[in-house]
Amino acid sequence: MREIRIRDTMTGELRRLDQDREVGIYACGPTVYSRIHIGNARPYVIFSLLARFLKSEGYRARLAINVTDINDKIYSAASAAGVDSADLAAEMTAAYFEDTGRLGLGRPDAEPLATGMIGPIIELIETLVENGHAYESGGDVYFSVRGFEGYGKLSHRPTDEMEQGEDDAGSLKRDRLDFALWKGQKAGEDTSWDSPWGPGRPGWHIECSAMAEAELGELPFAIHGGGSDLVFPHHENEVAQSEAARGRPLATIWMHNGMIETDASKMSKSEGNIFQLSEALDRFGPEAVVSYLIAGHYRQPIAFGEDQLNEAVARVDRLRNFFRSRAGAEEGGADGPGPGAGSEASEALEAFRDALADDFNTPRAMSVAFDLVRKANQQEVPGAGAAVREMLDLVGLGSVAASGGDGPGSEALELLEQREAARTDRDFDRADEIRDRLADLGWEVRDSADGASLVPRPGR
RNA sequence: GGCGCCUUGGCGGAGUGGCUACGCAGCGGCCUGCAAAGCCGUUUACACCGGUUCGACUCCGGCAGGCGCCUCCA
């Protein structure tokens, strides 16, 4: 079990993960009022892979990624489209599951919906009202920010500078810093739940505090994650309300991923500069999308563009070629024996894991993988195939090591033999003609010192 | 205006007080009947100005530019 360190947004320091406790990870998922864009996919990929790595190291990791299916945005989007807001949320939730499922990373251990957590949310609000940290006002319930010492400690800002960004017109708040925990039903809102304060719905921030606690148990859990744009006010408010209710911190480590940018500005639905995940998957494939998302350190912003995705495709092709050229090799293939202790391949695998253990440095890890690929392409490195496959499995790219589909049929094999014969006769026109026919059948010819072989053509 | 982050070779992108990141693209070469794949080589890389140091891309100060949050947002 490796010592794993993650940079914490609140302290700015690298913090070790507790090896003795369950490592609970909660990451904020999307608000489902439209199909998710590739920026939403970044935390999904990062935290899914982090949990996978932790489990492989022997940590008892549990990952929860929520779906925010109650939100102002959903009401307005549904209203604009002339559909029922619950229907829109359900439809977009299904689309979210489908789109993220196509990434091939499996599902988180828990995926709570806000609509399925109304009970715990109301209980949490009641606790805050009872202990004086929240107050009811005209059917709404607000959190009293100035009553919580330490507000601002996550985002590091002085409280007097802050705004909650809520509509303060005719406000029922006692203080402009306060934020809503419960919002009474308003005219035109077609979905509501009963509560001790009348019909209404929970505020965004309290949803996450309640869901995290419900899924991960006693506070604090190990890691709370999400996009860096959520630090304030969303996560700052979570910190305040959970700690005020429970007397304990919500999470030990706050881990935030950087934004995806187009034209040097953040990709967001409100900017209208979005690129949907499903479109990226259609055009570049899941491996390239994952490769793209792990090419930079998770905390850094990354640029989005066709060039970046095409580069990711090229990287994946290089890895795929590595395995194709080794298919069937006894010692070095993907299914070959694992690297022996102390071997070059074994040391590379350790270096790969070390990079991930050091604040989840995926680009450094990938450089180790590519380094081993190059060395094994130069000359046989025992166990390299299995080592690289294990590396790629860890970052969700294991499928590039798969042998991939059915082998060539008898017709293709017959043609390959005919081509060999033609080459022996140095009838190269005939050989090329046969190669074209094989291409039509979906097979690409690879000549090597050991004789020709067939590999599936890309996109087949 | 407040808080924080960033600035690396043609491009993307790690990292370190002194030792080749890695990938993509270009060019040259090797291999090959031709390709593909692969291998090798390759264009003074660390925004700018000072300081600390035997030595800084790496630490400190400053300047410039960019970005994020401060409004829903992964």
# chains A, B, ... in the order shown; residues from 1 in each chain; ligands from 1
>>> residues_around(residues="segment 35-48 of chain B", least_positions_apart="3", cutoff="9 Å", atoms="only C-alpha atoms (C1' of nucleotides)", output="PyMOL selection string")
(chain A and resi 321-322+325+374+377-378+444-447) or (chain B and resi 7-9+27-32+57+63-65)
>>> select_by_dssp(residues="segment 255-390 of chain A", states="alpha helix (DSSP H)", output="count of residues only")
75
>>> atom_distance(atom1="atom CA of Met1 of chain A", atom2="atom CA of Gly258 of chain A")
28.0 Å
>>> closest_atom_pairs(of="chain B", to="chain A", cutoff="10 Å", atoms="only C-alpha atoms (C1' of nucleotides)", output="tab-separated table")
residue	atom	partner	partner_atom	distance
B:G2	C1'	A:Glu161	CA	7.0
B:C3	C1'	A:Arg157	CA	5.7
B:G4	C1'	A:His156	CA	8.5
B:C5	C1'	A:Gln300	CA	8.7
B:C6	C1'	A:Gln300	CA	8.5
B:C11	C1'	A:Asp307	CA	9.0
B:G12	C1'	A:Gln308	CA	7.0
B:G13	C1'	A:Gly296	CA	6.2
B:A14	C1'	A:Arg364	CA	5.6
B:G15	C1'	A:Arg364	CA	8.4
B:A21	C1'	A:Ser367	CA	6.7
B:C22	C1'	A:Ser367	CA	4.1
B:G23	C1'	A:Arg315	CA	6.7
B:C24	C1'	A:Glu311	CA	5.5
B:A25	C1'	A:Glu311	CA	9.4
B:C31	C1'	A:Ser448	CA	9.9
B:U32	C1'	A:Asp447	CA	8.6
B:G33	C1'	A:Phe428	CA	6.7
B:C34	C1'	A:Phe428	CA	8.5
B:A35	C1'	A:Asp432	CA	9.6
B:A36	C1'	A:Arg446	CA	6.7
B:A37	C1'	A:Asn321	CA	7.1
B:G38	C1'	A:Asn377	CA	6.6
B:C39	C1'	A:Gln378	CA	6.2
B:G66	C1'	A:Ala264	CA	8.2
B:C67	C1'	A:Ser265	CA	7.2
B:G68	C1'	A:Asp229	CA	7.2
B:C69	C1'	A:Asp229	CA	6.3
B:C70	C1'	A:Met162	CA	6.6
B:U71	C1'	A:Gly165	CA	5.1
B:C72	C1'	A:Lys73	CA	7.1
B:C73	C1'	A:Ser268	CA	6.4
B:A74	C1'	A:Gly227	CA	4.4
>>> residues_around(residues="Pro382 of chain A", least_positions_apart="3", cutoff="10 Å", atoms="only C-alpha atoms (C1' of nucleotides)", output="PDB file with all heavy atoms, in the first residue's frame")
ATOM      1  N   GLU A 330       5.012 -14.447 -26.803  1.00  0.00           N
ATOM      2  CA  GLU A 330       4.895 -15.186 -25.544  1.00  0.00           C
ATOM      3  C   GLU A 330       5.336 -14.358 -24.347  1.00  0.00           C
ATOM      4  O   GLU A 330       4.626 -14.245 -23.352  1.00  0.00           O
ATOM      5  CB  GLU A 330       5.761 -16.460 -25.614  1.00  0.00           C
ATOM      6  CG  GLU A 330       5.160 -17.551 -26.473  1.00  0.00           C
ATOM      7  CD  GLU A 330       3.861 -18.088 -25.894  1.00  0.00           C
ATOM      8  OE1 GLU A 330       3.808 -18.302 -24.674  1.00  0.00           O
ATOM      9  OE2 GLU A 330       2.902 -18.271 -26.663  1.00  0.00           O
ATOM     10  N   GLU A 331       6.491 -13.750 -24.460  1.00  0.00           N
ATOM     11  CA  GLU A 331       7.085 -13.085 -23.302  1.00  0.00           C
ATOM     12  C   GLU A 331       6.561 -11.678 -23.081  1.00  0.00           C
ATOM     13  O   GLU A 331       6.331 -11.253 -21.962  1.00  0.00           O
ATOM     14  CB  GLU A 331       8.607 -13.012 -23.480  1.00  0.00           C
ATOM     15  CG  GLU A 331       9.299 -14.344 -23.292  1.00  0.00           C
ATOM     16  CD  GLU A 331       9.111 -14.877 -21.881  1.00  0.00           C
ATOM     17  OE1 GLU A 331       9.328 -14.109 -20.928  1.00  0.00           O
ATOM     18  OE2 GLU A 331       8.726 -16.055 -21.742  1.00  0.00           O
ATOM     19  N   GLY A 332       6.378 -10.951 -24.184  1.00  0.00           N
ATOM     20  CA  GLY A 332       6.142  -9.519 -24.025  1.00  0.00           C
ATOM     21  C   GLY A 332       4.746  -9.053 -24.377  1.00  0.00           C
ATOM     22  O   GLY A 332       4.448  -7.872 -24.318  1.00  0.00           O
ATOM     23  N   GLY A 333       3.836  -9.971 -24.742  1.00  0.00           N
ATOM     24  CA  GLY A 333       2.499  -9.555 -25.130  1.00  0.00           C
ATOM     25  C   GLY A 333       1.702  -9.053 -23.948  1.00  0.00           C
ATOM     26  O   GLY A 333       2.105  -9.195 -22.793  1.00  0.00           O
ATOM     27  N   GLY A 336       1.039 -11.707 -21.679  1.00  0.00           N
ATOM     28  CA  GLY A 336       2.215 -12.458 -21.255  1.00  0.00           C
ATOM     29  C   GLY A 336       2.386 -12.390 -19.746  1.00  0.00           C
ATOM     30  O   GLY A 336       1.597 -11.762 -19.046  1.00  0.00           O
ATOM     31  N   PRO A 337       3.415 -13.053 -19.257  1.00  0.00           N
ATOM     32  CA  PRO A 337       3.670 -13.053 -17.818  1.00  0.00           C
ATOM     33  C   PRO A 337       3.980 -11.653 -17.312  1.00  0.00           C
ATOM     34  O   PRO A 337       4.489 -10.818 -18.052  1.00  0.00           O
ATOM     35  CB  PRO A 337       4.873 -13.986 -17.674  1.00  0.00           C
ATOM     36  CG  PRO A 337       5.522 -13.967 -19.022  1.00  0.00           C
ATOM     37  CD  PRO A 337       4.429 -13.786 -20.012  1.00  0.00           C
ATOM     38  N   GLY A 338       3.678 -11.418 -16.078  1.00  0.00           N
ATOM     39  CA  GLY A 338       3.958 -10.122 -15.492  1.00  0.00           C
ATOM     40  C   GLY A 338       5.452  -9.916 -15.361  1.00  0.00           C
ATOM     41  O   GLY A 338       6.225 -10.865 -15.450  1.00  0.00           O
ATOM     42  N   PRO A 339       5.839  -8.664 -15.176  1.00  0.00           N
ATOM     43  CA  PRO A 339       7.265  -8.373 -15.065  1.00  0.00           C
ATOM     44  C   PRO A 339       7.843  -8.954 -13.786  1.00  0.00           C
ATOM     45  O   PRO A 339       7.228  -8.907 -12.733  1.00  0.00           O
ATOM     46  CB  PRO A 339       7.315  -6.846 -15.058  1.00  0.00           C
ATOM     47  CG  PRO A 339       5.965  -6.414 -14.605  1.00  0.00           C
ATOM     48  CD  PRO A 339       5.008  -7.472 -15.071  1.00  0.00           C
ATOM     49  N   GLY A 340       9.030  -9.508 -13.886  1.00  0.00           N
ATOM     50  CA  GLY A 340       9.683 -10.062 -12.703  1.00  0.00           C
ATOM     51  C   GLY A 340      10.138  -8.959 -11.767  1.00  0.00           C
ATOM     52  O   GLY A 340      10.374  -7.831 -12.194  1.00  0.00           O
ATOM     53  N   SER A 343      12.833  -6.110 -12.367  1.00  0.00           N
ATOM     54  CA  SER A 343      13.099  -5.974 -13.797  1.00  0.00           C
ATOM     55  C   SER A 343      12.805  -4.547 -14.250  1.00  0.00           C
ATOM     56  O   SER A 343      12.187  -3.765 -13.525  1.00  0.00           O
ATOM     57  CB  SER A 343      12.224  -6.951 -14.583  1.00  0.00           C
ATOM     58  OG  SER A 343      10.868  -6.562 -14.465  1.00  0.00           O
ATOM     59  N   GLU A 344      13.219  -4.254 -15.465  1.00  0.00           N
ATOM     60  CA  GLU A 344      12.988  -2.923 -16.017  1.00  0.00           C
ATOM     61  C   GLU A 344      11.489  -2.625 -16.096  1.00  0.00           C
ATOM     62  O   GLU A 344      11.036  -1.541 -15.734  1.00  0.00           O
ATOM     63  CB  GLU A 344      13.623  -2.824 -17.400  1.00  0.00           C
ATOM     64  CG  GLU A 344      13.542  -1.436 -17.993  1.00  0.00           C
ATOM     65  CD  GLU A 344      14.358  -1.307 -19.264  1.00  0.00           C
ATOM     66  OE1 GLU A 344      14.759  -2.341 -19.825  1.00  0.00           O
ATOM     67  OE2 GLU A 344      14.591  -0.160 -19.693  1.00  0.00           O
ATOM     68  N   ALA A 345      10.726  -3.606 -16.574  1.00  0.00           N
ATOM     69  CA  ALA A 345       9.278  -3.401 -16.696  1.00  0.00           C
ATOM     70  C   ALA A 345       8.643  -3.209 -15.325  1.00  0.00           C
ATOM     71  O   ALA A 345       7.747  -2.379 -15.144  1.00  0.00           O
ATOM     72  CB  ALA A 345       8.640  -4.593 -17.412  1.00  0.00           C
ATOM     73  N   SER A 346       9.127  -3.948 -14.357  1.00  0.00           N
ATOM     74  CA  SER A 346       8.590  -3.848 -13.002  1.00  0.00           C
ATOM     75  C   SER A 346       8.895  -2.483 -12.394  1.00  0.00           C
ATOM     76  O   SER A 346       8.054  -1.857 -11.748  1.00  0.00           O
ATOM     77  CB  SER A 346       9.189  -4.959 -12.140  1.00  0.00           C
ATOM     78  OG  SER A 346       8.925  -4.715 -10.779  1.00  0.00           O
ATOM     79  N   ALA A 376      10.640  -0.962 -25.295  1.00  0.00           N
ATOM     80  CA  ALA A 376      10.249  -2.310 -25.706  1.00  0.00           C
ATOM     81  C   ALA A 376      10.135  -2.403 -27.226  1.00  0.00           C
ATOM     82  O   ALA A 376      10.260  -3.488 -27.793  1.00  0.00           O
ATOM     83  CB  ALA A 376       8.928  -2.690 -25.035  1.00  0.00           C
ATOM     84  N   GLN A 379      13.949  -2.977 -28.294  1.00  0.00           N
ATOM     85  CA  GLN A 379      14.372  -4.357 -28.090  1.00  0.00           C
ATOM     86  C   GLN A 379      13.482  -4.987 -27.035  1.00  0.00           C
ATOM     87  O   GLN A 379      12.907  -4.282 -26.210  1.00  0.00           O
ATOM     88  CB  GLN A 379      15.837  -4.403 -27.649  1.00  0.00           C
ATOM     89  CG  GLN A 379      16.121  -3.603 -26.399  1.00  0.00           C
ATOM     90  CD  GLN A 379      17.587  -3.687 -25.995  1.00  0.00           C
ATOM     91  OE1 GLN A 379      18.108  -4.753 -25.740  1.00  0.00           O
ATOM     92  NE2 GLN A 379      18.245  -2.540 -25.964  1.00  0.00           N
ATOM     93  N   GLY A 385       4.794  -5.965 -22.073  1.00  0.00           N
ATOM     94  CA  GLY A 385       3.410  -5.933 -22.521  1.00  0.00           C
ATOM     95  C   GLY A 385       2.440  -5.950 -21.354  1.00  0.00           C
ATOM     96  O   GLY A 385       1.513  -5.143 -21.280  1.00  0.00           O
ATOM     97  N   ALA A 386       2.682  -6.862 -20.436  1.00  0.00           N
ATOM     98  CA  ALA A 386       1.791  -6.963 -19.276  1.00  0.00           C
ATOM     99  C   ALA A 386       1.891  -5.720 -18.403  1.00  0.00           C
ATOM    100  O   ALA A 386       0.889  -5.241 -17.851  1.00  0.00           O
ATOM    101  CB  ALA A 386       2.146  -8.208 -18.462  1.00  0.00           C
ATOM    102  N   ALA A 387       3.098  -5.172 -18.291  1.00  0.00           N
ATOM    103  CA  ALA A 387       3.279  -3.974 -17.453  1.00  0.00           C
ATOM    104  C   ALA A 387       2.536  -2.785 -18.045  1.00  0.00           C
ATOM    105  O   ALA A 387       1.840  -2.062 -17.329  1.00  0.00           O
ATOM    106  CB  ALA A 387       4.767  -3.653 -17.315  1.00  0.00           C
TER     107      ALA A 387
END
>>> select_by_dssp(residues="segment 128-320 of chain A", states="strand (DSSP E or B)", output="PyMOL selection string")
chain A and resi 134-137+140-143+179-184+193+200-202+221-227+251-257+260-262+265-266+276+302-303
>>> closest_atom_pairs(of="segment 185-246 of chain A", to="segment 117-120 of chain A", cutoff="8 Å", atoms="only C-alpha atoms", output="CSV")
residue,atom,partner,partner_atom,distance
A:Trp193,CA,A:Ile118,CA,7.9
A:Pro202,CA,A:Ile118,CA,7.7
A:Glu207,CA,A:Met117,CA,7.7
A:Ala210,CA,A:Pro120,CA,6.0
A:Met211,CA,A:Met117,CA,6.6
A:Ala214,CA,A:Pro120,CA,7.4
>>> write_last_selection(atoms="C-alpha atoms", output="PDB file, in the first residue's frame")
ATOM      1  CA  TRP A 193     -41.900  18.618  -1.757  1.00  0.00           C
ATOM      2  CA  PRO A 202     -33.946  22.309  -1.229  1.00  0.00           C
ATOM      3  CA  GLU A 207     -28.275  18.854  -1.396  1.00  0.00           C
ATOM      4  CA  ALA A 210     -26.817  15.715   2.712  1.00  0.00           C
ATOM      5  CA  MET A 211     -25.982  13.353  -0.117  1.00  0.00           C
ATOM      6  CA  ALA A 214     -25.771   9.810   3.445  1.00  0.00           C
TER       7      ALA A 214
END
>>> atom_distance(atom1="atom CA of Glu433 of chain A", atom2="atom CA of Leu415 of chain A")
10.3 Å
>>> residues_around(residues="Met92 of chain A", least_positions_apart="2", cutoff="10 Å", atoms="only C-alpha atoms (C1' of nucleotides)", output="number ranges by chain")
A: 31-36, 69, 74, 86-90, 94-98
>>> write_last_selection(atoms="C-alpha atoms", output="compact mmCIF listing (two decimals), in the first residue's frame")
# COMPACT_ATOMS: atom_id res chain seq x y z
CA THR A 31 -26.90 19.72 -12.89
CA VAL A 32 -29.05 17.89 -15.37
CA TYR A 33 -30.86 20.56 -17.34
CA SER A 34 -29.11 19.71 -20.61
CA ARG A 35 -26.76 17.15 -22.05
CA ILE A 36 -23.36 17.29 -20.37
CA ASP A 69 -31.71 17.03 -10.44
CA ILE A 74 -33.94 22.93 -14.45
CA ALA A 86 -39.31 16.47 -13.54
CA ASP A 87 -39.47 14.95 -17.00
CA LEU A 88 -36.61 17.10 -18.24
CA ALA A 89 -34.49 16.17 -15.23
CA ALA A 90 -35.21 12.46 -15.70
CA ALA A 94 -30.57 9.19 -18.31
CA ALA A 95 -28.49 10.96 -20.96
CA TYR A 96 -25.80 11.64 -18.36
CA PHE A 97 -25.62 7.97 -17.42
CA GLU A 98 -25.44 6.99 -21.06
>>> residues_around(residues="C60 of chain B", least_positions_apart="3", cutoff="12 Å", atoms="only C-alpha atoms (C1' of nucleotides)", output="list in words")
G50, G51, U52, U53 and A56 of chain B
